[in-house]
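First comes the structure, then the notes that go with it.
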Amino acid sequence: MSDISTREGSLAQRQLPKLKSLLNKYRQANAMQESLLRLSELASTVTELNAFYPAMVDIIDSLLTTNSVHIALLDDHQDLEVVYCHNPVEHRLAEHVEFNDWRKGLTGQVYLTQQPLHCNAAERMALAKAGKIVLYGSACIDWLGVPLKRGHHVIGVIALQSYDEQLYFDDRDCQLLEFIGEHLVTAIDRVKSRALLEQSIEQRTQKLTEANRRLQREICERQQVEKTHQVMLAVSEIVAANQALPSLFKQVHQELKGLLACQNFYVISKQTEANVLYQARQEHVGIDDKRRLSIFTELASNIAKPLLIAQGQLITLEIDGSMARTPYVLDFDNKHQPQTWLAAPLMENGQVIGIIATQHYTNSQAFSEKHLAIFRFIAQQLTSAIVRERDLTLVEQSKASLEHLVNERTQALQASNFKLRNQIEERRKAESRLYFEAHHDALTRLPNRALFTDRLTHALRHIKRHVEHSFAVLFIDLDRFKVINDTLGHHIGDKFLIEIAGRLSGCVRDNDVLARLGGDEFVVLLDSLTRQDDVEDVAERIIEAISQPFEIEGHSLYSNASIGIAMCSPNYDEATEILRDADAAMYQAKNLGRGRYVFFDESIRAQLLESMTLEQELREAIKQQQFELHYQQISNLARTSTIGFEALLRWQHPEKGLLTPSEFLFMAEETGLIVDIERWLIGEVVEQLATWQAQQPDGEVTDYRHALIAINLSSRYLTQQAQLQELITVIKGHDIEPHRLILEFDESAILPQPELALASLRKLKKLGVKLALDDYGASLSSFNFIHQYPFEFVKLDRSFIRSLNNNEKHLSLVSALQQLGNQFGYRLVAEGIENEETLAKLQQAGCDFGQGYLIAKPSKLVQPKTIVTEKSYA
């Protein structure tokens with residue numbers, strides 16, 4: 001046992017130094033990890049580089065033993081600049097380096113090579129002797145530098161120096177320094193990004209501040225102009241009131257004080273001994289008012305124009321409104337002179353009879369050039385008052401001799417007063433006319449949307465306070481108005497609307513509101529209702545009145561009215577909501593056959609929401625390419641061989657599954673989205689034809705190179721030249737045989753504009769594509785389409801085909817159409833063949849081609865059993 005214990009003790013003694021060494025390494029690794037974590041946190045929170053550099057050096061000291069750390073970054077001239085050096089001696093030496101010498105230093109070598117550089121004293125000396133570097137700075141024992149990189153671009157260098165012969169750097173130190181450099185670049189980018197953000201915010205703030213300042217200035221100027229007009233009007237009314245001059249001057253002064261800083265105000269006459277007619281002034285001790293007043297009065301009398309003295313200049317207002325400027329120095333010392341002085345002469349028959357003046361003692365900018373025109377107006381008004389007062393005085397003093405002159409002056413003043421009052425009255429009338437024009441329709445003189453909305457809002461507020469009251473809104477739309485307007489012209493259309501307005505006015509009560517919203521849309525607010533039957537009576541009277549013929553300039557016109565009715569409800573908050581629901585009910589009335597009225601209910605709102613949802617989903621389907629094509633085989637009924645396929649559009653709805661065109665195409669037509677859908681459809685089919693055309697048959701693989709593909713298109717390609725040209729461009733832009741593409745159009749695409757449709761069909765025929773008349777026999781089909789239009793195929797509608805088993809006349813019609821086809825050059829294609837009996841009858845009648853579930857169901861993968869050849873449809 002003692003031998004075993006001795007061996008174990010000896011083993012423990014040998015392992016003890018190794019354990020101590022591992023413990024030290026663990027402590028060093030732990031300390032290094034903490035320092036690196038501090039460095040990462042420091043770099044992510046840095047706001048100022050000047051504070052970041054010293055903190056980073058402290059962390060470096062905890063990781064690496066070094067005597068000097070310096071950081072050099074590229075400046076705006078792409079030269080290295082030492083931005084931080086914690087060793088003062090090295091910093092001063094670096095500052096004295098010449099501009100071109102930085103490339104010859106160790107720091108420059110790191111930047112140029114973009115690689116870390118480790119160099120001891122001997123290697124540094126060898127590089128200097130070789131001419132690769134220039135020695136500057138203090139001699140160090142060891143030197144280590146790494147590039148600072150932002151991605152693949154070097155933006156600077158960080159370097160360490162050691163002056164201790166016991167201290168050398170190694171590869172681990174280089175890796176640590178590169179890691180530190182990454183955090184340094186992060187800190188630099190963070191500070192620069194923040195600076196750029198602050199600069200951008202400051203610039204935008206300055207722009208907003210300047211825009212706001214300009215807006216405030218414009219508002220102030222507009223308010224000032226309006227206030228000026230009010231003061232001028234008030235002064236005119238005061239003067240026209242024919243009161244005593246002292247009271248008149250005082251009232252005018254009070255009005256002016258609301259516009260100018262004119263606490264000091266003088267009215268001076270040159271025709272009286274006591275020449276100061278009115279004076280209001282602030283007391284200023286030591287100022288010689290009489291001397292100053294005399295000098296200024298003489299100056300204003302000599303110039304005989306409105307004048308302003310301010311800041312060493314004399315500014316006068318000429319007759320034509322221009323300004324004249326001359327230097328002017330006041331005769332008073334600074335203690336006794338006002339800072340600015342404003343005056344205007346009182347002129348009678350070209351002679352100065354006095355002046356009005358004001359001054360400010362502390363503010364040299366109290367008055368400006370724009371005040372000259374105001375003072376001229378005031379002077380003219382006060383001249384009129386002074387002359388009037390003088391003339392009245394002269395009349396009383398010498399009534400007999402001056403009676404004629406007094407009468408003339410009195411008549412002149414009365415005319416002036418009458419003219420002024422007429423101007424005021426005309427302005428009031430103009431405002432009334434403007435209000436009427438702004439709230440009534442120019443054609444029918446009925447209230448417009450703005451006035452109707454205001455009355456409807458008032459009615460809505462009223463029933464919220466008086467819940468026992470009730471009202472209704474009728475939204476009226478005229479049927480066939482567009483036809484009348486387009487056919488007979490806008491002149492007849494306008495007269496028709498005036499007649500409509502007259503008939504509608506006769507159908508409502510005086511307390512109801514009838515308005516025209518625009519076009520052929522009218523609305524009625526039925527107020528103070530007692531029962532719903534009253535609303536129905538009014539609606540029926542309107543429909544009856546509109547249905548009667550209109551005789552306008554020799555034309556007998558007929559129309560109907562579709563009416564949507566929305567009853568008042570506490571659930572409504574805005575007038576627009578009631579109008580919206582009445583409008584929706586009107587469209588429901590149109591859909592049900594027109595010439596009727598419909599009350600709005602929640603089912604209509606649900607239909608609207610469903611339509612909006614379908615439209616949104618349809619737009620998203622176009623973006624997400626949720627459509628796909630299913631191909632249905634078209635066969636030669638005599639040879640039972642395939643001639644081609646009809647491409648049928650399907651919508652792979654993410655929630656509802658596969659949808660057919662009948663479930664969404666009406667919405668696409670209504671919203672115009674059919675253009676984008678058909679553009680995609682045409683592109684897919686043309687690409688498919690190009691793919692089949694390039695196919696090389698191999699063994700038993702089906703040959704599609706001569707197969708036809710038929711697609712059904714809307715009327716836009718026959719009535720809109722831009723759409724037609726786009727279709728032609730797409731077909732020409734692909735390397736396909738045009739005769740393998742069949743374009744199908746139904747009768748509804750041709751009927752609105754038959755001549756334009758015929759021209760478009762001929763262009764397509766000239767291009768080489770085949771044309772087909774679709775859904776023939778579905779309604780009142782015309783023989784004109786099969787002999788006047790260049791159709792190569794006439795497709796019999798599936799409803800017509802289903803009737804063959806029960807209607808022998810229809811079978812005879814098929815035979816007749818087949819015989820006509822031989823004469824006019826078209827071939828029959830039967831749709832919807834679903835049983836053997838129907839197929840046999842079509843073969844018996846001589847029908848050329850057919851498609852249906854009996855022959856093949858539509859599918860995404862086309863796999864015909866018979867190889868298609870051109871002879872199959874020749």
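Ordered as shown in the structure tokens, chains take letters A, B, and onward, while each chain numbers its residues from 1 and ligands are numbered from 1 in the order shown.
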Which residues are near Gln313 in chain A? Cut-off 8 Å, only C-alpha atoms, ignore same chain within fewer than 3 positions. Put them as a ChimeraX atom specification.
/A:309-310,325-329
Practice task
Check the DSSP output for the backbone and give back, as a ChimeraX atom specification, the residues of range 619-706 of chain A in alpha helix (DSSP H).
Solution key: /A:619-624,665-671,674-693
**Test item, strand (DSSP E or B) assignment across range 246-421 of chain A, answer as a VMD selection string** = chain A and resid 265 to 269 276 to 280 307 to 310 313 to 317 323 to 327 340 to 348 351 to 360
Which neighbours of Ala261 in chain A fall inside 9 Å, counting only C-alpha atoms, when residues of the same chain fewer than 2 positions from it are skipped, and could you give them as a list in words?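 With the cut-off at 9 Å, the set is Leu256, Lys257, Gly258, Leu259, Gln263, Asn264, Thr358, Gln359, His360, Ala366 and Phe367 of chain A.
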Can you list, as an MDAnalysis selection string, every protein, DNA or RNA residue that comes within 10 Å of range 377-389 of chain A when you count only C-alpha atoms, leaving out same-chain residues fewer than 4 positions away?
-> chainID A and resid 231:232 235:245 248:249 252:253 256 267 269 277 306 343:348 352:357 371:373 393:395 406 409:410 412:413 416
Write out, as a PDB file, in the first residue's frame, the residues just selected, with C-alpha atoms.
```
ATOM      1  CA  VAL A 231     -59.655 101.056 -42.726  1.00  0.00           C
ATOM      2  CA  MET A 232     -60.028 102.902 -46.042  1.00  0.00           C
ATOM      3  CA  VAL A 235     -62.494 106.373 -43.273  1.00  0.00           C
ATOM      4  CA  SER A 236     -64.662 106.922 -46.349  1.00  0.00           C
ATOM      5  CA  GLU A 237     -67.797 106.273 -44.303  1.00  0.00           C
ATOM      6  CA  ILE A 238     -66.591 108.591 -41.529  1.00  0.00           C
ATOM      7  CA  VAL A 239     -65.927 111.387 -44.000  1.00  0.00           C
ATOM      8  CA  ALA A 240     -69.239 110.760 -45.737  1.00  0.00           C
ATOM      9  CA  ALA A 241     -71.071 111.019 -42.388  1.00  0.00           C
ATOM     10  CA  ASN A 242     -70.694 114.855 -42.580  1.00  0.00           C
ATOM     11  CA  GLN A 243     -69.820 115.463 -38.930  1.00  0.00           C
ATOM     12  CA  ALA A 244     -67.748 118.145 -37.217  1.00  0.00           C
ATOM     13  CA  LEU A 245     -64.066 118.201 -38.136  1.00  0.00           C
ATOM     14  CA  LEU A 248     -64.017 113.416 -37.725  1.00  0.00           C
ATOM     15  CA  PHE A 249     -60.231 113.807 -37.298  1.00  0.00           C
ATOM     16  CA  VAL A 252     -59.980 108.857 -38.558  1.00  0.00           C
ATOM     17  CA  HIS A 253     -56.990 108.838 -36.208  1.00  0.00           C
ATOM     18  CA  LEU A 256     -55.374 104.711 -38.526  1.00  0.00           C
ATOM     19  CA  VAL A 267     -53.682 117.696 -39.369  1.00  0.00           C
ATOM     20  CA  SER A 269     -54.014 123.785 -42.462  1.00  0.00           C
ATOM     21  CA  LEU A 277     -56.577 121.530 -36.893  1.00  0.00           C
ATOM     22  CA  PRO A 306     -46.698 112.010 -50.076  1.00  0.00           C
ATOM     23  CA  ALA A 343     -46.695 113.045 -44.361  1.00  0.00           C
ATOM     24  CA  ALA A 344     -49.075 113.740 -47.248  1.00  0.00           C
ATOM     25  CA  PRO A 345     -50.316 117.092 -48.597  1.00  0.00           C
ATOM     26  CA  LEU A 346     -53.935 118.186 -48.581  1.00  0.00           C
ATOM     27  CA  MET A 347     -54.426 119.187 -52.196  1.00  0.00           C
ATOM     28  CA  GLU A 348     -57.225 121.338 -53.628  1.00  0.00           C
ATOM     29  CA  VAL A 352     -51.446 122.590 -51.068  1.00  0.00           C
ATOM     30  CA  ILE A 353     -53.935 123.673 -48.408  1.00  0.00           C
ATOM     31  CA  GLY A 354     -52.397 121.687 -45.571  1.00  0.00           C
ATOM     32  CA  ILE A 355     -50.742 118.453 -44.584  1.00  0.00           C
ATOM     33  CA  ILE A 356     -51.318 115.366 -42.467  1.00  0.00           C
ATOM     34  CA  ALA A 357     -48.269 113.925 -40.704  1.00  0.00           C
ATOM     35  CA  HIS A 371     -47.874 103.564 -46.184  1.00  0.00           C
ATOM     36  CA  LEU A 372     -47.423 106.453 -48.645  1.00  0.00           C
ATOM     37  CA  ALA A 373     -50.419 105.327 -50.739  1.00  0.00           C
ATOM     38  CA  THR A 393     -68.606 128.103 -43.080  1.00  0.00           C
ATOM     39  CA  LEU A 394     -68.276 130.458 -46.031  1.00  0.00           C
ATOM     40  CA  VAL A 395     -71.929 129.798 -46.916  1.00  0.00           C
ATOM     41  CA  VAL A 406     -72.422 126.055 -51.977  1.00  0.00           C
ATOM     42  CA  ARG A 409     -70.086 121.854 -53.661  1.00  0.00           C
ATOM     43  CA  THR A 410     -73.012 120.174 -51.984  1.00  0.00           C
ATOM     44  CA  ALA A 412     -70.433 117.248 -55.716  1.00  0.00           C
ATOM     45  CA  LEU A 413     -70.235 115.899 -52.197  1.00  0.00           C
ATOM     46  CA  SER A 416     -69.351 111.384 -54.208  1.00  0.00           C
TER      47      SER A 416
END
```
A straight line from CA of Leu708 in chain A to CA of Leu761 in chain A spans 18.7 Å
Residues near Glu544 in chain A, anyone? I mean within 10 Å using only C-alpha atoms, not counting same-chain ones fewer than 4 positions away, as a list in words.
Cys507, Val538, Ala539, Glu540, Gln548, Asn560, Ala561, Gly595 and Arg596 of chain A
CA of Asp171 in chain A sits from CA of Arg150 in chain A at a separation of 22.1 Å
re CA of Arg445 in chain A and CA of Gln423 in chain A: distance 26.8 Å
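Distances here use only C-alpha atoms; by that measure, the residue among A:Glu628, A:Ile542, A:Asp189, A:Asp479 closest to Ala589 in chain A is A:Asp479.
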As number ranges by chain, please: the residues near range 438-440 of chain A (cut-off 9 Å, only C-alpha atoms, same-chain neighbours under 6 positions excluded).
A: 446-452, 515-516
Counting only C-alpha atoms, figure out which residue out of A:Ile833, A:Leu474, A:Ile546, A:Ala722 gets nearest to Ile578 in chain A.
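Nearest candidate to Ile578 in chain A out of A:Ile833, A:Leu474, A:Ile546, A:Ala722: A:Leu474.
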**OP:** Considering only C-alpha atoms, return as JSON, numbers by chain whatever protein or nucleic-acid residues lie within 10 Å of Lys770 in chain A, sequence-local ones (same chain, fewer than 5 positions apart) excluded.
**Re:** {"A": [708, 709, 710, 738, 739, 740, 741, 742, 743, 744, 761, 764, 765, 790, 791, 792, 793]}
Those selected residues, please, written with C-alpha atoms and delivered as a PDB file, in the first residue's frame.
```pdb
ATOM      1  CA  LEU A 708     -54.671  25.514 -84.138  1.00  0.00           C
ATOM      2  CA  ILE A 709     -55.374  27.440 -80.930  1.00  0.00           C
ATOM      3  CA  ALA A 710     -58.548  29.538 -80.568  1.00  0.00           C
ATOM      4  CA  PRO A 738     -50.425  33.418 -87.953  1.00  0.00           C
ATOM      5  CA  HIS A 739     -52.953  31.110 -89.591  1.00  0.00           C
ATOM      6  CA  ARG A 740     -52.656  28.719 -86.611  1.00  0.00           C
ATOM      7  CA  LEU A 741     -54.209  31.367 -84.310  1.00  0.00           C
ATOM      8  CA  ILE A 742     -58.019  31.652 -84.275  1.00  0.00           C
ATOM      9  CA  LEU A 743     -59.423  34.898 -82.797  1.00  0.00           C
ATOM     10  CA  GLU A 744     -63.059  34.566 -81.675  1.00  0.00           C
ATOM     11  CA  LEU A 761     -61.415  42.399 -88.700  1.00  0.00           C
ATOM     12  CA  LEU A 764     -56.511  40.946 -88.641  1.00  0.00           C
ATOM     13  CA  LYS A 765     -57.471  38.904 -91.702  1.00  0.00           C
ATOM     14  CA  PRO A 790     -64.458  37.835 -93.020  1.00  0.00           C
ATOM     15  CA  PHE A 791     -65.134  34.967 -90.587  1.00  0.00           C
ATOM     16  CA  GLU A 792     -63.657  31.565 -91.451  1.00  0.00           C
ATOM     17  CA  PHE A 793     -65.462  29.753 -88.620  1.00  0.00           C
TER      18      PHE A 793
END
```
